[in-house]
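Quick look at structure14.cif (mmCIF, C-alpha atoms, pLDDT in the B column; chains and numbers go by the auth columns):
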data_model
loop_
_atom_site.group_PDB
_atom_site.id
_atom_site.type_symbol
_atom_site.label_atom_id
_atom_site.label_comp_id
_atom_site.label_asym_id
_atom_site.label_seq_id
_atom_site.Cartn_x
_atom_site.Cartn_y
_atom_site.Cartn_z
_atom_site.B_iso_or_equiv
_atom_site.auth_seq_id
_atom_site.auth_asym_id
ATOM 1 C CA MET A 1 -28.652 -53.931 18.862 47.00 1 A
ATOM 2 C CA CYS A 2 -29.095 -50.914 21.154 46.00 2 A
ATOM 3 C CA ASP A 3 -28.085 -47.427 20.002 43.00 3 A
ATOM 4 C CA ALA A 4 -25.101 -47.238 22.368 47.00 4 A
ATOM 5 C CA ALA A 5 -23.680 -50.518 21.078 43.00 5 A
ATOM 6 C CA LEU A 6 -24.323 -49.549 17.464 43.00 6 A
ATOM 7 C CA ASN A 7 -22.567 -46.201 17.918 45.00 7 A
ATOM 8 C CA SER A 8 -19.624 -47.888 19.626 45.00 8 A
ATOM 9 C CA LEU A 9 -19.278 -50.340 16.735 44.00 9 A
ATOM 10 C CA PHE A 10 -19.639 -47.467 14.260 46.00 10 A
ATOM 11 C CA SER A 11 -16.806 -45.501 15.877 48.00 11 A
ATOM 12 C CA ILE A 12 -14.496 -48.535 15.739 45.00 12 A
ATOM 13 C CA VAL A 13 -15.301 -49.954 12.314 54.00 13 A
ATOM 14 C CA THR A 14 -15.923 -46.730 10.371 64.00 14 A
ATOM 15 C CA PRO A 15 -14.442 -43.811 12.331 77.00 15 A
ATOM 16 C CA ARG A 16 -15.498 -40.478 10.846 89.00 16 A
ATOM 17 C CA ILE A 17 -14.398 -36.898 11.290 95.00 17 A
ATOM 18 C CA CYS A 18 -16.816 -34.006 11.649 97.00 18 A
ATOM 19 C CA ALA A 19 -16.791 -31.929 8.462 97.00 19 A
ATOM 20 C CA VAL A 20 -17.224 -28.767 10.534 97.00 20 A
ATOM 21 C CA CYS A 21 -14.838 -28.968 13.509 97.00 21 A
ATOM 22 C CA ARG A 22 -12.770 -32.080 12.599 96.00 22 A
ATOM 23 C CA SER A 23 -13.565 -33.877 15.865 96.00 23 A
ATOM 24 C CA ASP A 24 -14.752 -37.499 15.971 94.00 24 A
ATOM 25 C CA ILE A 25 -18.353 -38.261 15.079 94.00 25 A
ATOM 26 C CA LYS A 26 -19.651 -40.591 17.779 91.00 26 A
ATOM 27 C CA SER A 27 -23.195 -41.245 16.588 91.00 27 A
ATOM 28 C CA ILE A 28 -24.123 -42.845 13.283 90.00 28 A
ATOM 29 C CA SER A 29 -27.349 -40.821 13.220 93.00 29 A
ATOM 30 C CA ASP A 30 -25.443 -37.522 13.052 95.00 30 A
ATOM 31 C CA GLY A 31 -24.180 -38.076 9.533 95.00 31 A
ATOM 32 C CA ASN A 32 -21.378 -35.708 8.554 96.00 32 A
ATOM 33 C CA ALA A 33 -21.203 -33.499 11.656 97.00 33 A
ATOM 34 C CA CYS A 34 -20.685 -34.204 15.350 97.00 34 A
ATOM 35 C CA SER A 35 -23.406 -33.747 17.950 96.00 35 A
ATOM 36 C CA ASP A 36 -21.796 -30.548 19.261 97.00 36 A
ATOM 37 C CA CYS A 37 -21.883 -28.956 15.813 98.00 37 A
ATOM 38 C CA TRP A 38 -25.484 -30.024 15.377 98.00 38 A
ATOM 39 C CA LYS A 39 -26.347 -28.404 18.707 97.00 39 A
ATOM 40 C CA ALA A 40 -24.638 -25.212 17.580 96.00 40 A
ATOM 41 C CA SER A 41 -26.467 -25.168 14.230 97.00 41 A
ATOM 42 C CA GLU A 42 -29.481 -22.892 13.881 96.00 42 A
ATOM 43 C CA VAL A 43 -32.733 -24.698 13.099 97.00 43 A
ATOM 44 C CA TYR A 44 -35.879 -22.761 12.251 96.00 44 A
ATOM 45 C CA SER A 45 -38.823 -23.449 14.541 92.00 45 A
ATOM 46 C CA GLY A 46 -41.471 -21.916 12.309 87.00 46 A
ATOM 47 C CA SER A 47 -42.104 -19.115 14.803 87.00 47 A
ATOM 48 C CA GLU A 48 -39.437 -16.752 13.427 90.00 48 A
ATOM 49 C CA ALA A 49 -40.351 -13.344 12.045 90.00 49 A
ATOM 50 C CA ALA A 50 -39.987 -14.239 8.379 92.00 50 A
ATOM 51 C CA CYS A 51 -41.145 -13.255 4.919 94.00 51 A
ATOM 52 C CA ARG A 52 -44.589 -14.740 4.468 91.00 52 A
ATOM 53 C CA LYS A 53 -43.676 -15.962 0.979 95.00 53 A
ATOM 54 C CA CYS A 54 -40.047 -17.077 0.763 95.00 54 A
ATOM 55 C CA GLY A 55 -39.413 -17.660 4.464 94.00 55 A
ATOM 56 C CA LEU A 56 -36.398 -15.335 4.716 94.00 56 A
ATOM 57 C CA VAL A 57 -35.876 -14.545 8.397 92.00 57 A
ATOM 58 C CA LEU A 58 -36.259 -10.789 8.811 90.00 58 A
ATOM 59 C CA SER A 59 -34.654 -8.358 11.199 77.00 59 A
ATOM 60 C CA THR A 60 -36.807 -7.157 14.083 63.00 60 A
ATOM 61 C CA SER A 61 -37.151 -3.731 12.487 51.00 61 A
ATOM 62 C CA ARG A 62 -38.640 -5.231 9.315 57.00 62 A
ATOM 63 C CA ALA A 63 -40.752 -7.901 10.960 55.00 63 A
ATOM 64 C CA GLY A 64 -44.469 -7.695 11.432 55.00 64 A
ATOM 65 C CA GLY A 65 -47.666 -9.477 10.674 59.00 65 A
ATOM 66 C CA GLY A 66 -47.605 -10.666 7.065 70.00 66 A
ATOM 67 C CA ALA A 67 -44.234 -9.023 6.377 86.00 67 A
ATOM 68 C CA MET A 68 -42.438 -9.580 3.083 89.00 68 A
ATOM 69 C CA CYS A 69 -38.808 -9.191 2.083 91.00 69 A
ATOM 70 C CA TRP A 70 -39.858 -8.157 -1.477 88.00 70 A
ATOM 71 C CA GLN A 71 -36.858 -9.994 -2.959 89.00 71 A
ATOM 72 C CA CYS A 72 -39.262 -12.818 -3.816 94.00 72 A
ATOM 73 C CA ASP A 73 -42.138 -10.639 -5.038 91.00 73 A
ATOM 74 C CA GLY A 74 -42.076 -11.998 -8.593 93.00 74 A
ATOM 75 C CA HIS A 75 -41.485 -15.644 -7.703 96.00 75 A
ATOM 76 C CA PHE A 76 -44.056 -18.199 -8.837 97.00 76 A
ATOM 77 C CA TYR A 77 -44.166 -20.516 -5.804 98.00 77 A
ATOM 78 C CA ASP A 78 -46.657 -19.839 -2.997 97.00 78 A
ATOM 79 C CA SER A 79 -44.417 -20.314 0.034 96.00 79 A
ATOM 80 C CA ALA A 80 -40.954 -21.580 0.896 97.00 80 A
ATOM 81 C CA THR A 81 -39.339 -22.944 4.028 97.00 81 A
ATOM 82 C CA SER A 82 -36.087 -24.638 5.049 97.00 82 A
ATOM 83 C CA ILE A 83 -34.703 -26.565 8.010 98.00 83 A
ATOM 84 C CA GLY A 84 -32.244 -23.741 8.745 97.00 84 A
ATOM 85 C CA PRO A 85 -29.461 -21.569 7.330 97.00 85 A
ATOM 86 C CA TYR A 86 -26.841 -23.021 5.010 97.00 86 A
ATOM 87 C CA ALA A 87 -24.077 -23.213 7.614 97.00 87 A
ATOM 88 C CA SER A 88 -22.347 -25.578 10.038 97.00 88 A
ATOM 89 C CA ALA A 89 -23.897 -29.077 10.234 98.00 89 A
ATOM 90 C CA LEU A 90 -26.564 -28.426 7.593 98.00 90 A
ATOM 91 C CA GLU A 91 -23.926 -27.191 5.161 97.00 91 A
ATOM 92 C CA ALA A 92 -21.916 -30.359 5.812 97.00 92 A
ATOM 93 C CA GLU A 93 -24.979 -32.504 5.064 97.00 93 A
ATOM 94 C CA VAL A 94 -25.736 -30.682 1.808 97.00 94 A
ATOM 95 C CA ILE A 95 -22.144 -30.903 0.572 97.00 95 A
ATOM 96 C CA ALA A 96 -21.946 -34.623 1.367 97.00 96 A
ATOM 97 C CA LEU A 97 -25.218 -35.226 -0.459 97.00 97 A
ATOM 98 C CA LYS A 98 -23.592 -34.068 -3.702 94.00 98 A
ATOM 99 C CA THR A 99 -21.506 -37.259 -3.763 95.00 99 A
ATOM 100 C CA VAL A 100 -23.348 -39.803 -1.592 95.00 100 A
ATOM 101 C CA PRO A 101 -27.107 -40.348 -2.121 97.00 101 A
ATOM 102 C CA ARG A 102 -28.016 -40.536 1.549 95.00 102 A
ATOM 103 C CA ILE A 103 -29.104 -38.192 4.329 96.00 103 A
ATOM 104 C CA SER A 104 -28.555 -38.813 8.014 96.00 104 A
ATOM 105 C CA SER A 105 -31.235 -39.877 10.475 96.00 105 A
ATOM 106 C CA ARG A 106 -30.932 -36.512 12.206 97.00 106 A
ATOM 107 C CA THR A 107 -31.499 -34.661 8.940 98.00 107 A
ATOM 108 C CA LYS A 108 -34.507 -36.849 8.152 97.00 108 A
ATOM 109 C CA GLU A 109 -36.075 -35.916 11.479 97.00 109 A
ATOM 110 C CA LEU A 110 -35.370 -32.216 10.974 98.00 110 A
ATOM 111 C CA LEU A 111 -36.831 -32.384 7.463 98.00 111 A
ATOM 112 C CA HIS A 112 -40.012 -33.923 8.822 97.00 112 A
ATOM 113 C CA ASP A 113 -40.195 -31.316 11.592 97.00 113 A
ATOM 114 C CA ALA A 114 -39.730 -28.491 9.065 97.00 114 A
ATOM 115 C CA PHE A 115 -42.608 -29.876 7.026 97.00 115 A
ATOM 116 C CA LEU A 116 -44.868 -30.053 10.084 95.00 116 A
ATOM 117 C CA ASN A 117 -43.863 -26.587 11.371 92.00 117 A
ATOM 118 C CA SER A 118 -44.331 -24.850 8.020 91.00 118 A
ATOM 119 C CA ARG A 119 -47.319 -23.177 6.393 81.00 119 A
ATOM 120 C CA ILE A 120 -47.480 -26.076 3.939 90.00 120 A
ATOM 121 C CA GLN A 121 -50.928 -27.657 3.973 88.00 121 A
ATOM 122 C CA GLY A 122 -52.872 -30.006 1.766 96.00 122 A
ATOM 123 C CA THR A 123 -49.940 -31.370 -0.236 98.00 123 A
ATOM 124 C CA THR A 124 -51.060 -34.083 -2.645 98.00 124 A
ATOM 125 C CA LEU A 125 -47.801 -34.613 -4.548 98.00 125 A
ATOM 126 C CA ILE A 126 -44.087 -34.209 -3.779 98.00 126 A
ATOM 127 C CA VAL A 127 -41.843 -33.227 -6.706 98.00 127 A
ATOM 128 C CA PRO A 128 -38.027 -32.956 -6.606 98.00 128 A
ATOM 129 C CA VAL A 129 -36.234 -30.250 -8.556 98.00 129 A
ATOM 130 C CA PRO A 130 -34.761 -32.085 -11.576 97.00 130 A
ATOM 131 C CA LEU A 131 -31.185 -32.117 -12.804 95.00 131 A
ATOM 132 C CA SER A 132 -30.252 -31.822 -16.447 92.00 132 A
ATOM 133 C CA ALA A 133 -29.617 -35.137 -18.193 90.00 133 A
ATOM 134 C CA GLN A 134 -25.904 -34.325 -18.358 91.00 134 A
ATOM 135 C CA ARG A 135 -25.580 -33.549 -14.659 91.00 135 A
ATOM 136 C CA GLN A 136 -27.646 -36.609 -13.734 92.00 136 A
ATOM 137 C CA ARG A 137 -25.205 -38.778 -15.698 92.00 137 A
ATOM 138 C CA GLU A 138 -22.185 -37.074 -14.133 92.00 138 A
ATOM 139 C CA ARG A 139 -23.466 -37.393 -10.567 93.00 139 A
ATOM 140 C CA GLY A 140 -25.307 -40.674 -10.933 96.00 140 A
ATOM 141 C CA PHE A 141 -28.308 -39.504 -8.923 97.00 141 A
ATOM 142 C CA ASN A 142 -30.415 -36.440 -8.159 97.00 142 A
ATOM 143 C CA GLN A 143 -29.889 -35.217 -4.585 98.00 143 A
ATOM 144 C CA ALA A 144 -33.299 -33.500 -4.563 98.00 144 A
ATOM 145 C CA GLU A 145 -34.924 -36.817 -5.380 98.00 145 A
ATOM 146 C CA VAL A 146 -33.137 -38.459 -2.430 98.00 146 A
ATOM 147 C CA ILE A 147 -34.597 -35.824 -0.104 98.00 147 A
ATOM 148 C CA ALA A 148 -38.054 -35.971 -1.676 98.00 148 A
ATOM 149 C CA LYS A 149 -38.193 -39.768 -1.436 98.00 149 A
ATOM 150 C CA GLU A 150 -37.317 -39.745 2.264 98.00 150 A
ATOM 151 C CA LEU A 151 -40.010 -37.196 3.054 98.00 151 A
ATOM 152 C CA ALA A 152 -42.626 -38.841 0.821 98.00 152 A
ATOM 153 C CA GLU A 153 -42.176 -42.160 2.598 98.00 153 A
ATOM 154 C CA ARG A 154 -42.370 -40.498 6.018 97.00 154 A
ATOM 155 C CA VAL A 155 -45.527 -38.454 5.380 97.00 155 A
ATOM 156 C CA ARG A 156 -47.103 -41.002 3.004 97.00 156 A
ATOM 157 C CA ILE A 157 -47.592 -38.651 0.081 98.00 157 A
ATOM 158 C CA ASN A 158 -46.880 -39.735 -3.482 98.00 158 A
ATOM 159 C CA MET A 159 -43.687 -38.547 -5.146 98.00 159 A
ATOM 160 C CA ASP A 160 -43.333 -37.834 -8.869 98.00 160 A
ATOM 161 C CA ALA A 161 -39.717 -37.595 -10.007 98.00 161 A
ATOM 162 C CA HIS A 162 -40.445 -37.821 -13.733 97.00 162 A
ATOM 163 C CA SER A 163 -43.070 -35.257 -14.741 98.00 163 A
ATOM 164 C CA LEU A 164 -40.983 -32.127 -14.106 98.00 164 A
ATOM 165 C CA MET A 165 -37.892 -32.104 -16.273 97.00 165 A
ATOM 166 C CA ARG A 166 -34.962 -29.839 -16.986 95.00 166 A
ATOM 167 C CA THR A 167 -34.746 -29.158 -20.685 92.00 167 A
ATOM 168 C CA SER A 168 -31.364 -27.448 -20.817 82.00 168 A
ATOM 169 C CA HIS A 169 -28.010 -27.767 -19.112 69.00 169 A
ATOM 170 C CA SER A 170 -26.487 -24.756 -17.407 68.00 170 A
ATOM 171 C CA PRO A 171 -23.189 -24.275 -15.565 62.00 171 A
ATOM 172 C CA ILE A 172 -23.146 -25.076 -11.865 60.00 172 A
ATOM 173 C CA HIS A 173 -24.129 -21.995 -9.921 52.00 173 A
ATOM 174 C CA ARG A 174 -21.193 -20.375 -8.201 50.00 174 A
ATOM 175 C CA ILE A 175 -21.248 -18.279 -5.056 49.00 175 A
ATOM 176 C CA GLY A 176 -20.063 -15.256 -7.033 51.00 176 A
ATOM 177 C CA MET A 177 -23.035 -15.299 -9.431 59.00 177 A
ATOM 178 C CA ASP A 178 -25.471 -12.477 -8.756 62.00 178 A
ATOM 179 C CA ARG A 179 -29.256 -12.813 -8.745 66.00 179 A
ATOM 180 C CA LYS A 180 -29.661 -11.708 -12.356 65.00 180 A
ATOM 181 C CA ALA A 181 -27.123 -14.245 -13.642 66.00 181 A
ATOM 182 C CA ARG A 182 -28.773 -17.054 -11.710 66.00 182 A
ATOM 183 C CA ASP A 183 -32.198 -16.026 -12.943 70.00 183 A
ATOM 184 C CA LEU A 184 -31.130 -15.969 -16.596 63.00 184 A
ATOM 185 C CA SER A 185 -29.441 -19.378 -16.293 66.00 185 A
ATOM 186 C CA VAL A 186 -32.718 -21.133 -15.391 79.00 186 A
ATOM 187 C CA LYS A 187 -35.423 -18.917 -16.897 80.00 187 A
ATOM 188 C CA ASN A 188 -36.504 -21.335 -19.641 85.00 188 A
ATOM 189 C CA ALA A 189 -34.908 -24.493 -18.281 89.00 189 A
ATOM 190 C CA PHE A 190 -37.954 -26.441 -17.037 96.00 190 A
ATOM 191 C CA ALA A 191 -40.971 -28.154 -18.583 96.00 191 A
ATOM 192 C CA VAL A 192 -43.572 -30.743 -17.621 98.00 192 A
ATOM 193 C CA ALA A 193 -43.496 -34.019 -19.537 96.00 193 A
ATOM 194 C CA ARG A 194 -46.713 -35.462 -18.069 96.00 194 A
ATOM 195 C CA PRO A 195 -49.140 -32.565 -17.517 97.00 195 A
ATOM 196 C CA LYS A 196 -52.121 -34.782 -16.694 97.00 196 A
ATOM 197 C CA LEU A 197 -50.311 -36.016 -13.572 97.00 197 A
ATOM 198 C CA ILE A 198 -49.699 -32.429 -12.432 98.00 198 A
ATOM 199 C CA GLU A 199 -53.119 -30.954 -13.181 98.00 199 A
ATOM 200 C CA GLY A 200 -55.120 -30.228 -10.034 98.00 200 A
ATOM 201 C CA GLN A 201 -52.308 -31.166 -7.644 98.00 201 A
ATOM 202 C CA THR A 202 -51.142 -29.235 -4.582 98.00 202 A
ATOM 203 C CA ILE A 203 -47.410 -29.686 -4.957 98.00 203 A
ATOM 204 C CA LEU A 204 -44.476 -29.641 -2.568 98.00 204 A
ATOM 205 C CA LEU A 205 -41.311 -28.841 -4.524 98.00 205 A
ATOM 206 C CA VAL A 206 -38.168 -30.191 -2.823 98.00 206 A
ATOM 207 C CA ASP A 207 -34.491 -29.277 -3.225 98.00 207 A
ATOM 208 C CA ASP A 208 -31.294 -29.202 -1.178 98.00 208 A
ATOM 209 C CA VAL A 209 -30.669 -25.434 -0.948 97.00 209 A
ATOM 210 C CA TYR A 210 -32.723 -22.292 -1.493 97.00 210 A
ATOM 211 C CA THR A 211 -30.199 -19.755 -2.820 93.00 211 A
ATOM 212 C CA THR A 212 -31.897 -16.913 -4.703 92.00 212 A
ATOM 213 C CA GLY A 213 -35.103 -18.848 -5.371 94.00 213 A
ATOM 214 C CA ALA A 214 -34.742 -18.548 -9.159 93.00 214 A
ATOM 215 C CA THR A 215 -34.618 -22.288 -9.868 94.00 215 A
ATOM 216 C CA LEU A 216 -37.520 -23.006 -7.534 97.00 216 A
ATOM 217 C CA SER A 217 -39.555 -20.159 -8.992 97.00 217 A
ATOM 218 C CA TYR A 218 -39.219 -21.335 -12.587 96.00 218 A
ATOM 219 C CA CYS A 219 -39.970 -24.914 -11.584 97.00 219 A
ATOM 220 C CA ALA A 220 -43.149 -23.643 -9.905 98.00 220 A
ATOM 221 C CA LYS A 221 -44.035 -21.631 -13.014 97.00 221 A
ATOM 222 C CA ALA A 222 -43.782 -24.744 -15.205 97.00 222 A
ATOM 223 C CA LEU A 223 -45.888 -26.777 -12.772 98.00 223 A
ATOM 224 C CA LYS A 224 -48.591 -24.107 -12.517 98.00 224 A
ATOM 225 C CA LYS A 225 -48.661 -23.646 -16.296 97.00 225 A
ATOM 226 C CA CYS A 226 -49.693 -27.299 -16.524 97.00 226 A
ATOM 227 C CA GLY A 227 -52.458 -27.016 -13.954 98.00 227 A
ATOM 228 C CA GLY A 228 -50.708 -27.305 -10.605 98.00 228 A
ATOM 229 C CA MET A 229 -53.036 -25.635 -8.110 97.00 229 A
ATOM 230 C CA ARG A 230 -50.419 -24.552 -5.611 98.00 230 A
ATOM 231 C CA VAL A 231 -46.655 -25.000 -5.266 98.00 231 A
ATOM 232 C CA ASP A 232 -44.884 -24.794 -1.906 98.00 232 A
ATOM 233 C CA VAL A 233 -41.140 -25.245 -1.448 98.00 233 A
ATOM 234 C CA LEU A 234 -39.136 -27.144 1.154 98.00 234 A
ATOM 235 C CA THR A 235 -35.320 -27.301 1.201 98.00 235 A
ATOM 236 C CA LEU A 236 -32.738 -28.642 3.578 98.00 236 A
ATOM 237 C CA ALA A 237 -31.033 -25.269 3.914 98.00 237 A
ATOM 238 C CA ARG A 238 -31.408 -21.602 3.110 97.00 238 A
ATOM 239 C CA ALA A 239 -28.489 -19.549 1.806 93.00 239 A
ATOM 240 C CA ILE A 240 -28.579 -16.069 3.303 81.00 240 A
ATOM 241 C CA TRP A 241 -27.869 -13.448 0.671 65.00 241 A
ATOM 242 C CA THR A 242 -26.781 -9.929 1.394 48.00 242 A
ATOM 243 C CA ALA A 243 -26.449 -8.870 -2.244 42.00 243 A
#
Produce structure tokens that represent the structure in this file.
Amino acid sequence: MCDAALNSLFSIVTPRICAVCRSDIKSISDGNACSDCWKASEVYSGSEAACRKCGLVLSTSRAGGGAMCWQCDGHFYDSATSIGPYASALEAEVIALKTVPRISSRTKELLHDAFLNSRIQGTTLIVPVPLSAQRQRERGFNQAEVIAKELAERVRINMDAHSLMRTSHSPIHRIGMDRKARDLSVKNAFAVARPKLIEGQTILLVDDVYTTGATLSYCAKALKKCGGMRVDVLTLARAIWTA
């Protein structure tokens, strides 16, 4: 069936409303936002003036060759990148992924593009950020694993969703939590159950949102402690903090 016919059938059988502007979604590949909202959503190209470590897009006055934001100075990962800011269509995709273990075709393509446009090189293993056992039971799936699996299949790199584990349960992070509170909530929350499978690997750590980087940093620390050679980070979206 051609795309036009499939989209027509989709709009009749399962009509959906854009989570951003509330208009009709006309293409099944667009997921939870309409094509207009996708067009209006910022997507990083990889050419932005950004922190060389965490990928935070910098103002022109702070940009320069090898610039850093210094907010990520103590983080344990080597680099981080995202598809784009946590807003508009990307925000809609992330929120939907909390309840339905699926990402849209458009998001899959953007994820692949972000991987190709990033400084990430030589990845030998893809690892999703784990949930606590309690949250995994509550949700029924790990959204980071859904993302990691899609990318692993596309780029033909092995995924390991079992070696990195979360050893403690912490409250869901709220927007109002500051950096220190987030850091303390995950500082000793991760461990590696199968160190021999991590040793010597160049790892791509995958999650849905980069917020302060605390969770990703402590995951990277645990992986490196068990012999991971390098840990890069890729997320669907990047929350922009002003605090």
Which residues fall under the PyMOL selection byres ((chain A and resi 190) around 7) in this file, as a list in words?
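For this structure, the PyMOL selection byres ((chain A and resi 190) around 7) resolves to Met165, Arg166, Thr167, Asn188, Ala189, Ala191, Tyr218, Cys219 and Ala222 of chain A.
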Do you have the CA of Leu151 (chain A)-CA of Glu91 (chain A) distance handy?
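We find that CA of Leu151 (chain A) and CA of Glu91 (chain A) lie 19.1 Å from each other.
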Could you give me, as a count of residues only, the residues within 10 Å of Phe141 (chain A), counting all atoms listed in the file and dropping anything in the same chain fewer than 4 positions from it?
11
Let me make sure I understand: among A:Ala49, A:Val186, A:Leu116, A:Val129, which one has the smallest atom-to-atom distance to Ala214 (chain A) if we use all atoms listed in the file?
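Checking each candidate against Ala214 (chain A), we get A:Val186 as the closest.
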Go through the shown structure with the PyMOL selection byres ((chain A and resi 76) around 9) and write out the matching residues as a PyMOL selection string.
chain A and resi 72-75+77-78+216-221+224+231
When the PyMOL selection byres ((chain A and resi 199) around 7) is applied to the file above, which residues end up in the set, as a ChimeraX atom specification?
/A:195-198,200-201,226-228
Could you check which of A:Ser132, A:Ser45, A:Asn158, A:Ser59 is closest to Phe115 (chain A), using all atoms listed in the file?
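Of A:Ser132, A:Ser45, A:Asn158, A:Ser59, the one nearest Phe115 (chain A) is A:Ser45, counting all atoms listed in the file.
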Separation of CA of Gly84 (chain A) from CA of Ala67 (chain A) in Å
19.1 Å
Considering only C-alpha atoms, state which residue in the set A:Thr202, A:Asp36, A:Arg106, A:Ala19 is at the smallest distance from Gln121 (chain A).
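Among A:Thr202, A:Asp36, A:Arg106, A:Ala19, it is A:Thr202 that comes nearest to Gln121 (chain A).
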Counting all atoms listed in the file, the option among A:Ala133, A:Val127, A:Val233, A:Ala193 closest to Ala161 (chain A)
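Closest residue, counting all atoms listed in the file: A:Val127.
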Could you tell me which of A:Val43, A:Leu125, A:Met229, A:Leu234 comes closest to Tyr86 (chain A) if we count all atoms listed in the file?
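Checking each candidate against Tyr86 (chain A), we get A:Val43 as the closest.
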Two-atom distance - CA of Cys34 (chain A), CA of Cys18 (chain A) (Å):
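Between CA of Cys34 (chain A) and CA of Cys18 (chain A) the gap is 5.4 Å.
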Which of A:Asp183, A:Glu42, A:Ala87, A:Val94 sits closest to Thr215 (chain A) [using only C-alpha atoms]:
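Smallest separation from Thr215 (chain A) among the options: A:Asp183.
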Up to 10 Å from (-24.5, -35.9, 12.3) in the file's coordinates: name the residues, counting all atoms listed in the file, as a list of chain:residue names.
A:Cys18, A:Ala19, A:Ile25, A:Lys26, A:Ser27, A:Ile28, A:Ser29, A:Asp30, A:Gly31, A:Asn32, A:Ala33, A:Cys34, A:Ser35, A:Asp36, A:Cys37, A:Trp38, A:Ala89, A:Leu90, A:Ala92, A:Glu93, A:Ile103, A:Ser104, A:Ser105, A:Arg106, A:Thr107
